[in-house]
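data.tsv follows; it contains TSV, C-alpha atoms.
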```tsv
chain	number	residue	atom	x	y	z
Q	1	MET	CA	165.41	67.93	93.57
Q	2	ARG	CA	167.32	70.81	95.10
Q	3	PRO	CA	167.64	74.02	93.01
Q	4	LEU	CA	170.97	75.04	91.50
Q	5	ARG	CA	173.09	76.83	94.10
Q	6	ILE	CA	175.23	79.82	93.18
Q	7	SER	CA	177.96	80.91	95.56
Q	8	THR	CA	177.49	84.27	97.26
Q	9	PRO	CA	180.33	86.05	95.37
Q	10	ALA	CA	179.01	84.75	92.03
Q	11	ALA	CA	175.46	85.72	92.93
Q	12	GLY	CA	176.66	89.18	93.92
Q	13	LEU	CA	178.53	89.60	90.65
Q	14	LEU	CA	175.49	88.45	88.68
Q	15	ALA	CA	173.27	90.92	90.55
Q	16	ALA	CA	175.73	93.77	89.97
Q	17	ALA	CA	175.99	92.88	86.28
Q	18	ALA	CA	172.20	92.83	85.98
Q	19	LEU	CA	171.96	96.26	87.59
Q	20	LEU	CA	174.69	97.62	85.34
Q	21	PHE	CA	172.96	96.30	82.22
Q	22	ALA	CA	169.64	97.71	83.42
Q	23	PHE	CA	170.77	101.14	84.59
Q	24	GLY	CA	174.00	102.43	83.35
Q	25	GLY	CA	176.94	102.98	81.21
Q	26	PRO	CA	178.31	102.03	77.88
Q	27	VAL	CA	177.76	98.29	78.46
Q	28	SER	CA	173.98	98.71	78.59
Q	29	GLN	CA	174.02	101.03	75.59
Q	30	ALA	CA	175.92	98.43	73.58
Q	31	SER	CA	173.60	95.65	74.69
Q	32	LEU	CA	170.58	97.67	73.60
Q	33	GLY	CA	172.04	98.23	70.14
Q	34	THR	CA	172.84	101.93	70.59
Q	35	SER	CA	175.57	102.89	68.19
Q	36	THR	CA	178.94	103.93	69.58
Q	37	ALA	CA	178.51	107.37	68.02
Q	38	SER	CA	175.13	107.81	69.71
Q	39	ALA	CA	176.54	106.64	73.04
Q	40	ALA	CA	179.46	109.09	72.75
Q	41	SER	CA	177.04	111.89	71.87
Q	42	ALA	CA	174.86	111.05	74.89
Q	43	GLU	CA	177.92	111.04	77.17
Q	44	ALA	CA	179.00	114.42	75.79
Q	45	ASP	CA	175.51	115.85	76.41
Q	46	ALA	CA	175.53	114.48	79.96
Q	47	ALA	CA	178.98	115.93	80.62
Q	48	ALA	CA	177.69	119.34	79.60
Q	49	THR	CA	174.99	119.18	82.29
Q	50	GLY	CA	176.98	117.76	85.20
Q	51	SER	CA	180.24	116.47	86.58
Q	52	ALA	CA	181.51	112.89	86.34
Q	53	TYR	CA	180.46	111.00	89.47
Q	54	ILE	CA	180.05	107.46	90.71
Q	55	SER	CA	176.72	106.53	92.27
Q	56	THR	CA	177.22	103.60	94.65
Q	57	HIS	CA	174.20	101.63	95.82
Q	58	LEU	CA	174.54	99.37	98.85
Q	59	TYR	CA	171.88	96.80	99.75
Q	60	PHE	CA	171.61	95.99	103.46
Q	61	GLY	CA	169.46	93.12	104.67
Q	62	THR	CA	168.16	92.98	108.22
Q	63	GLY	CA	167.39	89.26	108.59
Q	64	ARG	CA	169.80	87.22	110.68
Q	65	HIS	CA	170.66	83.53	110.98
Q	66	ASN	CA	170.50	80.95	113.76
Q	67	GLY	CA	167.38	82.31	115.42
Q	68	HIS	CA	168.79	85.79	116.06
Q	69	PRO	CA	166.18	88.57	115.85
Q	70	PRO	CA	166.27	90.86	112.81
Q	71	ILE	CA	168.26	94.08	112.93
Q	72	THR	CA	165.89	96.77	114.21
Q	73	GLU	CA	165.31	100.14	112.59
Q	74	GLU	CA	166.95	101.78	115.61
Q	75	GLN	CA	170.06	99.57	115.29
Q	76	PHE	CA	170.30	100.24	111.56
Q	77	ASN	CA	169.91	104.00	112.01
Q	78	ARG	CA	172.65	103.96	114.68
Q	79	PHE	CA	174.94	102.16	112.19
Q	80	ILE	CA	174.23	104.85	109.57
Q	81	ALA	CA	174.90	107.65	112.08
Q	82	ASP	CA	178.05	106.14	113.59
Q	83	VAL	CA	179.67	104.45	110.58
Q	84	VAL	CA	178.30	105.77	107.27
Q	85	THR	CA	177.68	109.47	107.92
Q	86	PRO	CA	181.24	110.21	109.14
Q	87	ARG	CA	182.57	108.73	105.87
Q	88	PHE	CA	180.01	110.48	103.63
Q	89	PRO	CA	179.13	113.71	105.48
Q	90	SER	CA	178.12	115.53	102.27
Q	91	GLY	CA	174.99	113.44	101.99
Q	92	LEU	CA	173.37	110.13	101.23
Q	93	THR	CA	170.00	108.70	100.32
Q	94	LEU	CA	168.39	105.85	102.21
Q	95	GLN	CA	165.34	103.90	101.05
Q	96	GLU	CA	163.55	101.13	102.91
Q	97	GLY	CA	162.31	98.14	100.95
Q	98	ARG	CA	161.66	94.43	100.88
Q	99	GLY	CA	164.47	92.21	99.64
Q	100	GLN	CA	164.76	88.61	98.56
Q	101	TRP	CA	167.93	86.58	98.05
Q	102	ARG	CA	169.29	83.03	98.11
Q	103	ASP	CA	171.72	82.30	100.96
Q	104	LYS	CA	174.75	79.99	100.91
Q	105	GLU	CA	172.55	77.10	102.08
Q	106	GLY	CA	170.32	77.56	99.01
Q	107	ASP	CA	167.35	78.90	100.96
Q	108	ILE	CA	165.36	81.89	99.71
Q	109	ASN	CA	165.11	84.62	102.34
Q	110	GLN	CA	162.74	87.58	102.39
Q	111	GLU	CA	163.50	90.49	104.66
Q	112	ARG	CA	163.17	94.19	105.33
Q	113	SER	CA	166.11	95.85	103.64
Q	114	TYR	CA	167.65	99.22	102.96
Q	115	GLU	CA	169.20	100.70	99.83
Q	116	LEU	CA	171.84	103.30	100.57
Q	117	THR	CA	173.03	105.57	97.76
Q	118	VAL	CA	176.14	107.73	97.97
Q	119	MET	CA	177.60	109.80	95.13
Q	120	TYR	CA	181.15	111.06	94.79
Q	121	PRO	CA	183.38	112.48	92.04
Q	122	VAL	CA	185.11	109.90	89.86
Q	123	ARG	CA	188.50	111.28	90.96
Q	124	GLU	CA	187.68	110.14	94.54
Q	125	ALA	CA	186.77	106.57	93.53
Q	126	HIS	CA	189.89	104.93	94.96
Q	127	ALA	CA	189.60	106.58	98.38
Q	128	ARG	CA	185.83	106.08	98.53
Q	129	ASN	CA	186.19	102.40	97.66
Q	130	ALA	CA	188.09	101.86	100.92
Q	131	ASP	CA	185.27	103.58	102.87
Q	132	ILE	CA	182.57	101.55	101.11
Q	133	GLU	CA	184.32	98.24	101.66
Q	134	TYR	CA	184.87	99.12	105.33
Q	135	ILE	CA	181.12	99.79	105.71
Q	136	ARG	CA	180.17	96.53	103.96
Q	137	ASN	CA	182.62	94.41	105.96
Q	138	LEU	CA	181.76	95.95	109.32
Q	139	TYR	CA	178.00	95.47	108.78
Q	140	CYS	CA	178.53	91.79	107.94
Q	141	THR	CA	180.85	91.28	110.90
Q	142	MET	CA	178.61	93.07	113.41
Q	143	TRP	CA	175.50	91.12	112.47
Q	144	GLU	CA	177.06	87.84	111.27
Q	145	LEU	CA	175.68	88.28	107.74
Q	146	GLU	CA	176.90	86.84	104.44
Q	147	SER	CA	177.05	90.01	102.35
Q	148	VAL	CA	175.99	93.56	101.59
Q	149	GLY	CA	175.20	94.01	97.90
Q	150	ARG	CA	176.98	96.73	95.92
Q	151	ALA	CA	176.39	98.33	92.52
Q	152	ASP	CA	178.43	101.23	91.08
Q	153	VAL	CA	177.09	103.37	88.23
Q	154	ARG	CA	178.78	106.26	86.41
Q	155	ALA	CA	176.59	109.37	86.40
Q	156	ALA	CA	176.63	113.01	85.37
Q	157	VAL	CA	175.70	114.94	88.51
Q	158	ASP	CA	174.85	118.57	89.16
Q	159	PHE	CA	173.81	120.07	92.50
```

Representation of the structure as structure tokens:
Amino acid sequence: MRPLRISTPAAGLLAAAALLFAFGGPVSQASLGTSTASAASAEADAAATGSAYISTHLYFGTGRHNGHPPITEEQFNRFIADVVTPRFPSGLTLQEGRGQWRDKEGDINQERSYELTVMYPVREAHARNADIEYIRNLYCTMWELESVGRADVRAAVDF
């Protein structure tokens, strides 16, 4: 019997929702039973210690389909230097990891992956969304991949 297959967009939405519930915002506070007054108080305390930002996390896999070799560290670093850094010159964080996901054929894939984090003021969210979607789409097109995962979390940030 073949396991239940979830389409890539649905799987991405489920993953983003899981991350949101686990790490951020009023939705997770409500799901954990935190009162609205307590949540508002926590947000006020956070606002006093930082500015309103969005923290966007992108999840890049390096495994490829149809017998193509994985994306090398050198190729990935060139993509960051040529595509990501010009759009986020103020800074970013990159972590290497091991990822696992189910592809559109229903197969489970394990691969070396990277988590990229960029932060930007909430007031820049619309403009930054265009940059982030460009990065995601170009990576998929260049390497013939199905998706780059994305999770956005509101944060109070101070530098």

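Of the listed residues Q:Glu133, Q:Glu115, Q:Asp158, Q:Glu146, the one whose atoms come nearest to Q:Phe76 is Q:Glu115, with distances taken using only C-alpha atoms.
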
Edge lengths and centre in Å to one decimal, as AutoDock Vina command-line options, of the axis-aligned box that encloses all listed atoms of stretch 146-156 of chain Q with 4 Å added on every side?
```
--center_x 177.0 --center_y 99.9 --center_z 94.9 --size_x 11.6 --size_y 34.2 --size_z 27.1
```

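Using all atoms listed in the file, the shortest contact distance between Q:Pro121 and any of Q:Cys140, Q:Ile135, Q:Val157, Q:Ala81 is found at Q:Val157.
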
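The closest residue to Q:Arg128, picked from Q:His68, Q:Trp101, Q:Glu73, Q:Val84 and counting all atoms listed in the file, is Q:Val84.
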
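Between Q:His57 and the candidates Q:Ala127, Q:Val118, Q:Val83, Q:Leu92, the tightest atom-to-atom separation, counting all atoms listed in the file, involves Q:Val118.
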
Within 8 Å of Q:Glu96, counting only C-alpha atoms, which residues show up once you throw out same-chain ones fewer than 3 positions away? Write them as a PDB file with C-alpha atoms, in the coordinates of the input, please.
```pdb
ATOM      1  CA  ARG Q 112     163.170  94.190 105.330  1.00  0.00           C
ATOM      2  CA  SER Q 113     166.110  95.850 103.640  1.00  0.00           C
ATOM      3  CA  TYR Q 114     167.650  99.220 102.960  1.00  0.00           C
ATOM      4  CA  GLU Q 115     169.200 100.700  99.830  1.00  0.00           C
TER       5      GLU Q 115
END
```

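Minimum atom-to-atom distance to Q:Gly149, evaluated using all atoms listed in the file, belongs to Q:Thr56 out of Q:Thr56, Q:Thr85, Q:Gln110, Q:Asn66.
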
Just checking: using only C-alpha atoms, which residue out of Q:Arg64, Q:Asn77, Q:Ser55, Q:Asn109 ends up closest to Q:Ile132?
Q:Ser55

Nearby residues (only C-alpha atoms) at most 12 Å from Q:Asn129, same-chain spacing under 4 positions excluded, as a list in words
Ile54, Ser55, Thr56, Arg87, Phe88, Val118, Met119, Tyr120, Pro121, Val122, Arg123, Glu124, Ala125, Glu133, Tyr134, Ile135, Arg136, Arg150, Ala151 and Asp152 of chain Q

Test item: residues at most 12 Å from Q:Gln75, all atoms listed in the file, excluding those fewer than 4 positions along its chain, as a PyMOL selection string:
chain Q and resi 62+69-71+79-83+139+142-143

Between atom CA of Q:Ser51 and atom CA of Q:Ala155 - distance in Å to one decimal:
8.0 Å

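Note that atom CA of Q:Leu138 and atom CA of Q:Lys104 are 19.4 Å apart.
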
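Atom pair atom CA of Q:Arg154 / atom CA of Q:Gly97: separated by 23.4 Å.
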